[in-house]
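Shown here: structure18.txt, compact mmCIF, C-alpha atoms and all ligand atoms.
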# COMPACT_ATOMS: atom_id res chain seq x y z
CA MET M 1 -129.31 42.15 -116.88
CA THR M 2 -132.31 42.81 -114.62
CA LYS M 3 -133.09 46.39 -113.70
CA GLN M 4 -130.86 47.82 -111.00
CA LEU M 5 -132.72 49.19 -108.01
CA ASN M 6 -132.02 52.85 -107.42
CA THR M 7 -131.36 53.08 -103.72
CA GLY M 8 -131.82 56.05 -101.43
CA LEU M 9 -129.87 55.96 -98.17
CA ILE M 10 -131.60 57.78 -95.31
CA GLY M 11 -129.21 58.08 -92.38
CA CYS M 12 -125.54 58.14 -93.38
CA GLY M 13 -123.83 57.09 -90.15
CA GLY M 14 -121.51 54.33 -89.01
CA PHE M 15 -123.53 51.20 -89.74
CA VAL M 16 -124.63 51.98 -93.28
CA LYS M 17 -121.05 52.94 -94.15
CA ALA M 18 -119.50 49.85 -92.61
CA MET M 19 -122.08 47.24 -93.63
CA HIS M 20 -124.76 48.16 -96.16
CA VAL M 21 -122.63 50.27 -98.51
CA PRO M 22 -120.01 47.54 -99.13
CA ASN M 23 -122.82 44.98 -99.54
CA LEU M 24 -124.73 47.29 -101.92
CA LYS M 25 -121.59 47.94 -103.97
CA ALA M 26 -120.99 44.19 -104.23
CA ASN M 27 -124.57 43.45 -105.31
CA GLN M 28 -125.40 44.04 -108.99
CA LYS M 29 -129.10 44.35 -108.18
CA TYR M 30 -128.57 47.71 -106.47
CA ARG M 31 -127.18 51.12 -107.40
CA ILE M 32 -126.75 53.84 -104.76
CA HIS M 33 -128.62 56.83 -106.14
CA ALA M 34 -129.00 59.34 -103.30
CA CYS M 35 -127.85 60.00 -99.75
CA ALA M 36 -129.88 61.89 -97.16
CA ASP M 37 -129.16 62.77 -93.55
CA ILE M 38 -130.24 65.56 -91.22
CA ASN M 39 -126.48 66.11 -90.96
CA VAL M 40 -125.78 67.22 -94.52
CA LYS M 41 -122.04 66.72 -94.11
CA ALA M 42 -122.62 63.01 -93.41
CA ALA M 43 -124.81 62.77 -96.52
CA GLU M 44 -122.23 64.60 -98.66
CA ALA M 45 -119.38 62.42 -97.43
CA LEU M 46 -121.31 59.24 -98.22
CA ALA M 47 -122.43 60.53 -101.63
CA ALA M 48 -118.81 61.33 -102.48
CA GLU M 49 -117.71 57.86 -101.41
CA THR M 50 -120.47 56.00 -103.25
CA GLY M 51 -120.85 58.12 -106.38
CA ALA M 52 -124.50 58.88 -105.56
CA ALA M 53 -126.18 61.45 -107.80
CA TYR M 54 -126.80 63.84 -104.91
CA ALA M 55 -126.67 64.40 -101.16
CA THR M 56 -129.33 66.22 -99.20
CA ASP M 57 -130.60 67.06 -95.75
CA ASN M 58 -134.10 67.32 -97.21
CA ILE M 59 -135.50 63.82 -96.73
CA ASP M 60 -138.66 64.78 -98.66
CA ARG M 61 -136.53 65.52 -101.72
CA LEU M 62 -135.25 61.93 -101.71
CA LEU M 63 -138.70 60.49 -101.01
CA GLY M 64 -140.21 62.62 -103.80
CA ASP M 65 -137.57 61.49 -106.29
CA THR M 66 -139.35 59.19 -108.76
CA ALA M 67 -136.03 57.58 -109.67
CA VAL M 68 -135.70 56.06 -106.18
CA ASP M 69 -137.01 52.47 -105.98
CA VAL M 70 -135.97 51.48 -102.46
CA VAL M 71 -134.82 53.28 -99.34
CA PHE M 72 -132.53 52.05 -96.59
CA ILE M 73 -133.49 53.70 -93.30
CA THR M 74 -130.47 53.65 -91.00
CA THR M 75 -131.12 56.55 -88.68
CA THR M 76 -131.40 56.73 -84.92
CA HIS M 77 -134.35 54.61 -83.74
CA ASP M 78 -136.73 57.46 -82.94
CA ALA M 79 -137.09 58.23 -86.68
CA HIS M 80 -137.59 54.67 -88.00
CA ALA M 81 -141.38 54.44 -87.85
CA ALA M 82 -142.18 57.94 -89.12
CA LEU M 83 -139.69 57.57 -91.99
CA SER M 84 -141.05 54.09 -92.86
CA VAL M 85 -144.59 55.49 -93.03
CA LYS M 86 -143.45 58.42 -95.21
CA ALA M 87 -141.43 56.14 -97.49
CA ALA M 88 -144.34 53.72 -97.90
CA ASN M 89 -146.71 56.60 -98.67
CA ALA M 90 -144.18 57.77 -101.28
CA GLY M 91 -144.34 54.31 -102.87
CA LYS M 92 -140.79 53.31 -101.95
CA HIS M 93 -139.76 49.80 -100.97
CA ILE M 94 -138.07 49.77 -97.58
CA LEU M 95 -135.24 48.22 -95.68
CA CYS M 96 -135.50 49.68 -92.19
CA GLU M 97 -132.79 48.89 -89.70
CA LYS M 98 -133.93 47.51 -86.37
CA PRO M 99 -135.96 48.30 -84.41
CA MET M 100 -139.14 48.51 -86.48
CA ALA M 101 -140.52 51.18 -84.14
CA MET M 102 -140.34 52.48 -80.58
CA ASN M 103 -143.76 51.19 -79.48
CA ALA M 104 -146.74 49.06 -80.51
CA ARG M 105 -148.73 52.02 -81.87
CA GLU M 106 -145.89 52.93 -84.24
CA CYS M 107 -145.65 49.27 -85.37
CA ARG M 108 -149.33 49.38 -86.35
CA GLU M 109 -148.81 52.64 -88.25
CA VAL M 110 -145.90 51.18 -90.23
CA ALA M 111 -147.85 48.00 -90.99
CA ALA M 112 -150.89 49.99 -92.18
CA ALA M 113 -148.81 52.24 -94.48
CA VAL M 114 -146.86 49.31 -95.96
CA LYS M 115 -150.07 47.38 -96.65
CA ALA M 116 -151.98 50.36 -98.03
CA ASN M 117 -149.20 51.17 -100.50
CA GLY M 118 -148.25 47.60 -101.46
CA VAL M 119 -144.52 48.18 -100.97
CA LYS M 120 -141.99 45.59 -99.83
CA TYR M 121 -140.77 46.01 -96.25
CA THR M 122 -137.82 44.34 -94.56
CA VAL M 123 -136.55 45.02 -91.06
CA GLY M 124 -132.84 44.55 -90.40
CA TYR M 125 -133.04 41.35 -88.34
CA ASN M 126 -130.20 39.74 -90.24
CA ARG M 127 -129.27 36.96 -87.83
CA GLY M 128 -131.83 34.49 -89.17
CA MET M 129 -130.01 34.70 -92.51
CA ALA M 130 -126.52 34.14 -91.11
CA PRO M 131 -125.24 31.00 -92.91
CA LEU M 132 -124.41 29.18 -89.66
CA VAL M 133 -127.88 29.96 -88.23
CA VAL M 134 -129.45 28.62 -91.45
CA ARG M 135 -127.32 25.47 -91.08
CA ALA M 136 -128.26 25.11 -87.40
CA ARG M 137 -131.92 25.36 -88.36
CA GLU M 138 -131.49 22.68 -91.03
CA LEU M 139 -129.94 20.39 -88.42
CA ILE M 140 -132.63 20.85 -85.78
CA LYS M 141 -135.72 21.14 -87.99
CA PRO M 142 -136.19 17.37 -88.52
CA ILE M 143 -136.00 16.71 -84.75
CA SER M 144 -139.50 16.60 -83.33
CA ALA M 145 -138.66 17.71 -79.81
CA LYS M 146 -138.94 20.99 -77.98
CA MET M 147 -135.79 23.07 -77.60
CA LEU M 148 -133.84 24.70 -74.83
CA ILE M 149 -131.82 27.65 -76.14
CA TYR M 150 -129.18 29.57 -74.25
CA HIS M 151 -127.82 32.73 -75.90
CA ARG M 152 -125.31 35.36 -74.81
CA ILE M 153 -124.54 38.77 -76.24
CA GLN M 154 -121.96 40.77 -74.34
CA ALA M 155 -119.63 43.58 -75.30
CA PRO M 156 -118.84 47.06 -74.08
CA PHE M 157 -121.84 49.18 -75.14
CA PRO M 158 -120.86 52.58 -73.75
CA ALA M 159 -123.16 54.67 -71.57
CA THR M 160 -122.70 57.58 -73.98
CA HIS M 161 -124.27 55.68 -76.91
CA TRP M 162 -127.63 57.13 -78.00
CA THR M 163 -129.23 53.64 -77.92
CA HIS M 164 -129.37 54.00 -74.12
CA ASN M 165 -131.32 57.25 -74.44
CA PRO M 166 -134.98 56.17 -74.06
CA ALA M 167 -136.28 58.90 -76.39
CA VAL M 168 -133.70 58.41 -79.16
CA GLY M 169 -132.74 54.74 -78.99
CA GLY M 170 -135.40 53.10 -76.81
CA GLY M 171 -132.74 51.35 -74.71
CA ARG M 172 -130.75 48.18 -75.34
CA PHE M 173 -133.69 45.74 -75.29
CA ILE M 174 -135.81 47.64 -77.83
CA GLY M 175 -132.80 48.88 -79.77
CA GLU M 176 -130.81 45.66 -80.02
CA GLY M 177 -132.45 42.89 -78.03
CA CYS M 178 -135.05 42.61 -80.81
CA HIS M 179 -132.31 40.99 -82.95
CA ILE M 180 -132.03 38.17 -80.47
CA PHE M 181 -135.77 37.78 -79.85
CA ASP M 182 -136.16 37.42 -83.62
CA LEU M 183 -133.35 34.84 -83.73
CA PHE M 184 -135.25 32.73 -81.19
CA CYS M 185 -138.46 33.01 -83.20
CA VAL M 186 -136.57 31.91 -86.33
CA LEU M 187 -135.07 28.89 -84.56
CA VAL M 188 -138.26 27.67 -82.87
CA ASP M 189 -141.09 26.43 -85.09
CA ALA M 190 -143.83 27.64 -82.74
CA PRO M 191 -145.12 31.08 -81.75
CA PRO M 192 -143.81 32.83 -78.63
CA VAL M 193 -146.37 32.79 -75.81
CA SER M 194 -144.73 34.50 -72.85
CA VAL M 195 -141.75 36.55 -71.76
CA TYR M 196 -140.10 37.14 -68.42
CA ALA M 197 -137.08 39.39 -67.90
CA SER M 198 -134.99 40.57 -65.01
CA GLY M 199 -132.50 43.31 -65.56
CA GLY M 200 -131.24 46.71 -64.59
CA THR M 201 -128.69 49.40 -65.26
CA PHE M 202 -125.19 47.96 -65.10
CA LEU M 203 -123.51 50.97 -66.72
CA ASP M 204 -123.24 54.31 -64.90
CA PRO M 205 -126.81 54.95 -63.64
CA ALA M 206 -126.14 58.70 -63.71
CA ALA M 207 -125.78 58.42 -67.50
CA VAL M 208 -128.14 55.55 -68.35
CA LYS M 209 -131.70 55.94 -67.10
CA ILE M 210 -133.13 52.68 -68.43
CA PRO M 211 -132.21 49.00 -67.95
CA ASP M 212 -129.22 48.24 -70.16
CA SER M 213 -128.56 44.59 -69.29
CA GLY M 214 -130.47 41.56 -68.17
CA ILE M 215 -131.63 38.01 -68.73
CA VAL M 216 -134.70 37.40 -70.85
CA THR M 217 -136.63 34.14 -71.08
CA ILE M 218 -139.17 33.47 -73.81
CA THR M 219 -141.49 30.47 -73.80
CA PHE M 220 -143.00 29.09 -77.01
CA ALA M 221 -146.29 27.33 -77.73
CA ASP M 222 -144.56 23.94 -78.17
CA GLY M 223 -142.91 24.21 -74.73
CA SER M 224 -139.54 25.35 -76.08
CA ILE M 225 -137.72 27.86 -73.88
CA ALA M 226 -135.08 30.37 -75.00
CA THR M 227 -133.06 32.60 -72.75
CA THR M 228 -130.55 35.34 -73.51
CA LEU M 229 -128.06 37.17 -71.37
CA ILE M 230 -127.65 40.71 -72.71
CA ALA M 231 -124.78 42.62 -71.14
CA SER M 232 -123.81 46.22 -71.90
CA ASP M 233 -120.90 46.43 -69.46
CA GLY M 234 -119.22 43.57 -71.29
CA CYS M 235 -115.68 42.39 -71.76
CA PRO M 236 -114.03 43.34 -75.08
CA THR M 237 -111.73 40.32 -75.16
CA PHE M 238 -114.44 37.73 -74.45
CA PRO M 239 -116.35 36.46 -77.54
CA LYS M 240 -119.42 38.61 -78.13
CA GLU M 241 -122.13 36.16 -78.99
CA SER M 242 -122.96 32.51 -78.66
CA THR M 243 -126.09 30.41 -79.14
CA GLU M 244 -126.50 26.91 -77.68
CA ILE M 245 -129.45 24.75 -78.65
CA VAL M 246 -130.25 21.45 -76.94
CA CYS M 247 -133.06 19.30 -78.30
CA GLY M 248 -133.99 15.67 -78.68
CA GLY M 249 -130.68 14.38 -77.33
CA LYS M 250 -128.60 16.54 -79.68
CA ALA M 251 -126.83 19.86 -79.24
CA VAL M 252 -125.76 22.71 -81.52
CA MET M 253 -123.53 25.65 -80.67
CA ILE M 254 -122.97 28.73 -82.84
CA ASN M 255 -119.83 30.61 -81.84
CA ASP M 256 -119.92 34.29 -82.82
CA PHE M 257 -121.14 33.46 -86.34
CA THR M 258 -117.72 32.03 -87.16
CA SER M 259 -118.09 28.34 -86.29
CA LEU M 260 -120.79 25.82 -85.59
CA ASP M 261 -120.23 22.79 -83.34
CA TYR M 262 -122.89 20.12 -83.41
CA PHE M 263 -123.08 17.04 -81.28
CA GLY M 264 -124.95 13.74 -81.59
CA PHE M 265 -125.78 13.92 -85.32
CA ASP M 266 -124.98 11.02 -87.71
CA GLY M 267 -123.80 9.00 -84.72
CA GLN M 268 -120.88 11.35 -84.21
CA ALA M 269 -119.89 12.94 -80.93
CA LYS M 270 -118.87 16.28 -82.43
CA GLN M 271 -118.73 17.86 -85.87
CA THR M 272 -117.63 21.38 -86.72
CA GLN M 273 -118.36 23.76 -89.56
CA THR M 274 -116.22 26.87 -89.81
CA ALA M 275 -117.00 30.05 -91.76
CA ALA M 276 -114.27 31.74 -93.81
CA LYS M 277 -115.26 34.97 -92.07
CA GLN M 278 -117.87 36.14 -89.60
CA ASP M 279 -121.21 36.44 -91.44
CA LYS M 280 -124.34 37.69 -89.63
CA GLY M 281 -126.50 37.55 -92.76
CA GLN M 282 -126.68 41.19 -93.86
CA ALA M 283 -125.56 40.56 -97.47
CA LEU M 284 -128.10 37.79 -97.98
CA GLU M 285 -130.81 39.92 -96.37
CA ILE M 286 -130.45 42.74 -98.91
CA ASP M 287 -130.08 40.27 -101.77
CA ARG M 288 -133.37 38.61 -100.84
CA LEU M 289 -135.06 42.00 -100.54
CA ALA M 290 -133.88 42.87 -104.08
CA ASP M 291 -135.30 39.56 -105.37
CA ALA M 292 -138.60 40.27 -103.63
CA ILE M 293 -138.83 43.71 -105.24
CA ILE M 294 -137.73 42.58 -108.71
CA ASN M 295 -139.96 39.47 -108.77
CA ASP M 296 -142.84 40.92 -106.75
CA ALA M 297 -142.39 38.16 -104.16
CA GLU M 298 -142.65 38.16 -100.38
CA ALA M 299 -139.98 40.24 -98.65
CA PRO M 300 -137.69 38.63 -96.07
CA ASN M 301 -138.19 39.79 -92.47
CA GLY M 302 -141.53 41.38 -93.30
CA ILE M 303 -144.07 43.10 -91.09
CA LEU M 304 -145.07 40.06 -89.04
CA GLN M 305 -141.49 39.14 -88.22
CA ALA M 306 -140.59 42.78 -87.55
CA ALA M 307 -143.51 43.35 -85.20
CA ARG M 308 -143.16 39.99 -83.41
CA ALA M 309 -139.69 40.73 -82.01
CA ALA M 310 -140.58 44.40 -81.44
CA VAL M 311 -143.60 43.43 -79.31
CA ILE M 312 -141.41 41.06 -77.29
CA SER M 313 -138.87 43.85 -76.73
CA TYR M 314 -141.52 46.23 -75.34
CA LYS M 315 -142.69 43.48 -72.97
CA VAL M 316 -139.12 42.89 -71.79
CA ASN M 317 -138.96 46.43 -70.39
CA GLU M 318 -142.44 45.99 -68.92
CA SER M 319 -141.49 42.67 -67.32
CA ILE M 320 -138.35 44.21 -65.77
CA ALA M 321 -140.43 47.09 -64.40
CA THR M 322 -143.26 44.92 -62.99
CA GLY M 323 -141.48 41.64 -62.19
CA LYS M 324 -144.26 39.83 -64.04
CA THR M 325 -144.31 37.18 -66.75
CA LEU M 326 -146.24 38.65 -69.66
CA SER M 327 -148.20 36.73 -72.25
CA ILE M 328 -147.79 37.32 -75.98
CA ASN M 329 -150.69 36.92 -78.41
CA GLU M 330 -150.45 36.56 -82.17
CA GLN M 331 -152.95 39.41 -82.61
CA GLU M 332 -150.33 41.76 -81.17
CA TYR M 333 -147.92 41.19 -84.05
CA CYS M 334 -150.02 39.78 -86.92
CA LEU M 335 -150.64 43.33 -88.13
N1 LIG M 401 -128.24 45.11 -88.14
C1 LIG M 401 -127.22 45.32 -87.36
O1 LIG M 401 -126.49 44.40 -87.02
C2 LIG M 401 -126.92 46.71 -86.89
C3 LIG M 401 -125.69 47.00 -86.28
C4 LIG M 401 -125.45 48.33 -85.90
C5 LIG M 401 -126.41 49.31 -86.08
N2 LIG M 401 -127.60 48.96 -86.66
C6 LIG M 401 -128.67 49.96 -86.83
O2 LIG M 401 -128.30 50.91 -87.82
C7 LIG M 401 -128.94 52.15 -87.53
C8 LIG M 401 -127.93 53.27 -87.54
O3 LIG M 401 -126.96 53.03 -86.54
P1 LIG M 401 -125.52 53.74 -86.62
O4 LIG M 401 -124.65 52.98 -85.69
O5 LIG M 401 -125.11 53.89 -88.03
O6 LIG M 401 -125.85 55.16 -85.99
P2 LIG M 401 -125.11 56.55 -86.27
O7 LIG M 401 -125.39 57.41 -85.13
O8 LIG M 401 -123.69 56.31 -86.66
O9 LIG M 401 -125.85 57.13 -87.57
C9 LIG M 401 -127.20 57.54 -87.57
C10 LIG M 401 -127.34 58.63 -88.63
O10 LIG M 401 -128.74 58.94 -88.78
C11 LIG M 401 -128.85 60.33 -88.94
N3 LIG M 401 -130.24 60.72 -88.60
C12 LIG M 401 -130.83 60.77 -87.38
N4 LIG M 401 -132.12 61.11 -87.50
C13 LIG M 401 -132.36 61.28 -88.82
C14 LIG M 401 -133.51 61.61 -89.57
N5 LIG M 401 -134.69 61.87 -88.98
N6 LIG M 401 -133.41 61.69 -90.92
C15 LIG M 401 -132.23 61.43 -91.54
N7 LIG M 401 -131.09 61.10 -90.88
C16 LIG M 401 -131.16 61.03 -89.53
C17 LIG M 401 -127.79 60.93 -88.01
O11 LIG M 401 -127.47 62.26 -88.37
C18 LIG M 401 -126.63 59.94 -88.26
O12 LIG M 401 -125.81 60.36 -89.34
C19 LIG M 401 -129.65 51.97 -86.20
O13 LIG M 401 -130.98 51.63 -86.44
C20 LIG M 401 -128.93 50.79 -85.58
O14 LIG M 401 -129.71 50.06 -84.68
C21 LIG M 401 -127.86 47.72 -87.08
As structure tokens:
Amino acid sequence: MTKQLNTGLIGCGGFVKAMHVPNLKANQKYRIHACADINVKAAEALAAETGAAYATDNIDRLLGDTAVDVVFITTTHDAHAALSVKAANAGKHILCEKPMAMNARECREVAAAVKANGVKYTVGYNRGMAPLVVRARELIKPISAKMLIYHRIQAPFPATHWTHNPAVGGGRFIGEGCHIFDLFCVLVDAPPVSVYASGGTFLDPAAVKIPDSGIVTITFADGSIATTLIASDGCPTFPKESTEIVCGGKAVMINDFTSLDYFGFDGQAKQTQTAAKQDKGQALEIDRLADAIINDAEAPNGILQAARAAVISYKVNESIATGKTLSINEQEYCL
């Protein structure tokens, strides 16, 4: 069997426990070796659950451990860039959860450290690897026509969540919107050229001091246009996410990563593909990262892809603040 990658988990909170740990346990290419968190109790609990060799609140101990091949950074957003730079300088391969960084300067610092140290870097934009998104892309790729995309993400995202704290989470657009901006860039075969957003605080403005909801429109170099409605004060019983793509006389609709309806293909009015369970692509994402590390190949969701959606997310907040449409240049994310 190929070498197993010794994995260090940095940040031992809800998401790594619920998503990455089960996926890591199910993937023979990985072995969980160490757990680190500034909250040592969280690290100890996860080490006990995963059989990791040790738990620590000393992140430098994990990064200095020569046995660690790859780190998963799943902390609050304010620590992502600094930890990515440290991990790269320690020679560790990296999966960093979204967002890549809180601002453009931090993106450049991460890119420079990853390049200088020749490590593999993947940001956690999993949606492009969701099986139904991959299938939708296969369907639309041969059509040589520009696209109109309408996307919705809505759910209760409580005012108390740290994502809404500008200093810790960066707000909903930087902290989560980047997922969707990346999805658009994956679906459209042309670079993004401009972004316009209108939005505001729809949760309690006494608790949330930054726009938490809005409608974002991105235009692409081929004339394609993608828009997303991002709602934080959402309805728990209404489906969370949907993506509709219309192009060249055909239409595709992805319903919450559980089914795909497509219309006008093979002369048929409607066809449907259903997933056995909701799959947003996280398992495939870490599997492809392992392959990239083991075979010294290109990592999925690398620096360019990470920075592209991050740059869009910063401009979303700027567009809401100024009311202006902002242009996007490749130099801003080809780092
Ligand atoms: N890809 C996805 O679909 C998806 C979904 C949910 C969350 N996430 C991402 O996962 C990450 C974690 O989110 P969560 O919901 O698990 O948050 P959480 O609050 O449950 O856990 C964060 C953990 O990080 C620890 N931490 C904070 N700063 C640290 C530092 N400097 N060093 C070490 N540990 C530190 C905290 O003590 C906490 O245990 C975020 O980046 C979030 O955006 C991704």
For Tyr121 in chain M, which residue among M:Glu97, M:Glu244, M:Glu176, M:Asp182 is the nearest when counting all atoms listed in the file? M:Glu97
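Picture a line from CA of Gly64 in chain M to atom C15 of ligand LIG 401 (chain M); it runs 14.7 Å.
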Please check which protein, DNA or RNA residues sit within 6 Å of ligand LIG 401 (chain M), counting only C-alpha atoms and all ligand atoms, and write them as a list of chain:residue names.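 Every residue with an atom at most 6 Å from ligand LIG 401 (chain M) is listed here: M:Ile10, M:Gly11, M:Cys12, M:Gly13, M:Gly14, M:Phe15, M:Val16, M:Asp37, M:Ile38, M:Asn39, M:Ala42, M:Thr74, M:Thr75, M:Thr76, M:His77, M:Ala79, M:Glu97, M:Lys98, M:Gly124, M:Gly175.
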From the set M:Tyr196, M:Phe72, M:Tyr150, M:Phe173, which residue has the shortest atom-to-atom contact distance to Cys247 in chain M, counting all atoms listed in the file?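 Among the listed residues, the smallest separation from Cys247 in chain M belongs to M:Tyr150.
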Between M:Pro239, M:Val133, M:Val188, M:Ala155, which is the closest to Asp261 in chain M once you count all atoms listed in the file?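 Going through M:Pro239, M:Val133, M:Val188, M:Ala155 one by one, the smallest distance to Asp261 in chain M is for M:Val133.
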Distance CA of Ala26 in chain M-CA of Glu285 in chain M, one decimal place?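 For CA of Ala26 in chain M relative to CA of Glu285 in chain M, the distance reads 13.3 Å.
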In terms of the shortest atom-to-atom distance over all atoms listed in the file, which of M:Ser194, M:Thr237, M:Asn255, M:Ser242 is closest to Thr219 in chain M?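 Checking each of M:Ser194, M:Thr237, M:Asn255, M:Ser242 against Thr219 in chain M, counting all atoms listed in the file, the winner is M:Ser194.
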From the set M:Tyr54, M:Gly264, M:Val123, M:Pro131, which residue has the shortest atom-to-atom contact distance to Ile73 in chain M, counting all atoms listed in the file?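 Ranked by minimum distance to Ile73 in chain M, first place goes to M:Val123.
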Given the choices M:Ile149, M:Met102, M:Leu183, M:Ala52, which gets closest to Asn165 in chain M if the distance is worked out from all atoms listed in the file?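 Among M:Ile149, M:Met102, M:Leu183, M:Ala52, it is M:Met102 that comes nearest to Asn165 in chain M.
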Rounded to one decimal, what separation in Å do you get between CA of Ser327 in chain M and CA of Val195 in chain M? 6.5 Å
Would you pick out the contacts of Asp296 in chain M at 12 Å or less, using only C-alpha atoms, so that residues sharing its chain but fewer than 6 positions from it are not included, and give the list as a list in words? His93, Gly118, Val119, Lys120, Tyr121, Arg288, Leu289 and Ala290 of chain M
With all atoms listed in the file as the counted atoms, please give the residues lying no more than 6 Å from Ala197 in chain M, apart from itself and same-chain residues fewer than 5 positions off, as a ChimeraX atom specification. /M:215-216,316,319-320
Save range 115-129 of chain M of the structure in the block above to a file, with N, CA and C atoms included, as a PDB file, in the first residue's frame.
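Written out: part_10.pdb:
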ATOM      1  N   LYS M 115       4.542  28.845  -2.398  1.00  0.00           N
ATOM      2  CA  LYS M 115       5.464  28.728  -3.548  1.00  0.00           C
ATOM      3  C   LYS M 115       6.898  28.530  -3.080  1.00  0.00           C
ATOM      4  N   ALA M 116       7.319  29.347  -2.116  1.00  0.00           N
ATOM      5  CA  ALA M 116       8.719  29.290  -1.661  1.00  0.00           C
ATOM      6  C   ALA M 116       9.063  27.921  -1.100  1.00  0.00           C
ATOM      7  N   ASN M 117       8.088  27.254  -0.478  1.00  0.00           N
ATOM      8  CA  ASN M 117       8.382  25.980   0.189  1.00  0.00           C
ATOM      9  C   ASN M 117       7.968  24.761  -0.639  1.00  0.00           C
ATOM     10  N   GLY M 118       7.341  24.996  -1.788  1.00  0.00           N
ATOM     11  CA  GLY M 118       6.979  23.888  -2.682  1.00  0.00           C
ATOM     12  C   GLY M 118       6.022  22.884  -2.063  1.00  0.00           C
ATOM     13  N   VAL M 119       5.120  23.362  -1.183  1.00  0.00           N
ATOM     14  CA  VAL M 119       4.152  22.441  -0.578  1.00  0.00           C
ATOM     15  C   VAL M 119       2.845  22.487  -1.371  1.00  0.00           C
ATOM     16  N   LYS M 120       2.035  21.451  -1.203  1.00  0.00           N
ATOM     17  CA  LYS M 120       0.716  21.433  -1.848  1.00  0.00           C
ATOM     18  C   LYS M 120      -0.262  22.206  -0.964  1.00  0.00           C
ATOM     19  N   TYR M 121      -1.130  22.982  -1.630  1.00  0.00           N
ATOM     20  CA  TYR M 121      -2.094  23.804  -0.890  1.00  0.00           C
ATOM     21  C   TYR M 121      -3.471  23.628  -1.524  1.00  0.00           C
ATOM     22  N   THR M 122      -4.434  23.346  -0.688  1.00  0.00           N
ATOM     23  CA  THR M 122      -5.836  23.244  -1.144  1.00  0.00           C
ATOM     24  C   THR M 122      -6.701  24.058  -0.200  1.00  0.00           C
ATOM     25  N   VAL M 123      -7.582  24.878  -0.773  1.00  0.00           N
ATOM     26  CA  VAL M 123      -8.551  25.579   0.072  1.00  0.00           C
ATOM     27  C   VAL M 123      -9.877  24.809   0.008  1.00  0.00           C
ATOM     28  N   GLY M 124     -10.632  24.879   1.098  1.00  0.00           N
ATOM     29  CA  GLY M 124     -11.828  24.039   1.209  1.00  0.00           C
ATOM     30  C   GLY M 124     -13.042  24.491   0.419  1.00  0.00           C
ATOM     31  N   TYR M 125     -12.845  24.800  -0.863  1.00  0.00           N
ATOM     32  CA  TYR M 125     -14.001  25.093  -1.741  1.00  0.00           C
ATOM     33  C   TYR M 125     -14.438  23.769  -2.348  1.00  0.00           C
ATOM     34  N   ASN M 126     -15.238  23.028  -1.621  1.00  0.00           N
ATOM     35  CA  ASN M 126     -15.566  21.673  -2.050  1.00  0.00           C
ATOM     36  C   ASN M 126     -16.630  21.591  -3.134  1.00  0.00           C
ATOM     37  N   ARG M 127     -17.439  22.654  -3.291  1.00  0.00           N
ATOM     38  CA  ARG M 127     -18.618  22.513  -4.145  1.00  0.00           C
ATOM     39  C   ARG M 127     -18.300  22.108  -5.584  1.00  0.00           C
ATOM     40  N   GLY M 128     -17.189  22.584  -6.107  1.00  0.00           N
ATOM     41  CA  GLY M 128     -16.823  22.223  -7.489  1.00  0.00           C
ATOM     42  C   GLY M 128     -16.585  20.743  -7.653  1.00  0.00           C
ATOM     43  N   MET M 129     -16.396  20.023  -6.533  1.00  0.00           N
ATOM     44  CA  MET M 129     -16.167  18.577  -6.600  1.00  0.00           C
ATOM     45  C   MET M 129     -17.389  17.770  -6.186  1.00  0.00           C
TER      46      MET M 129
END
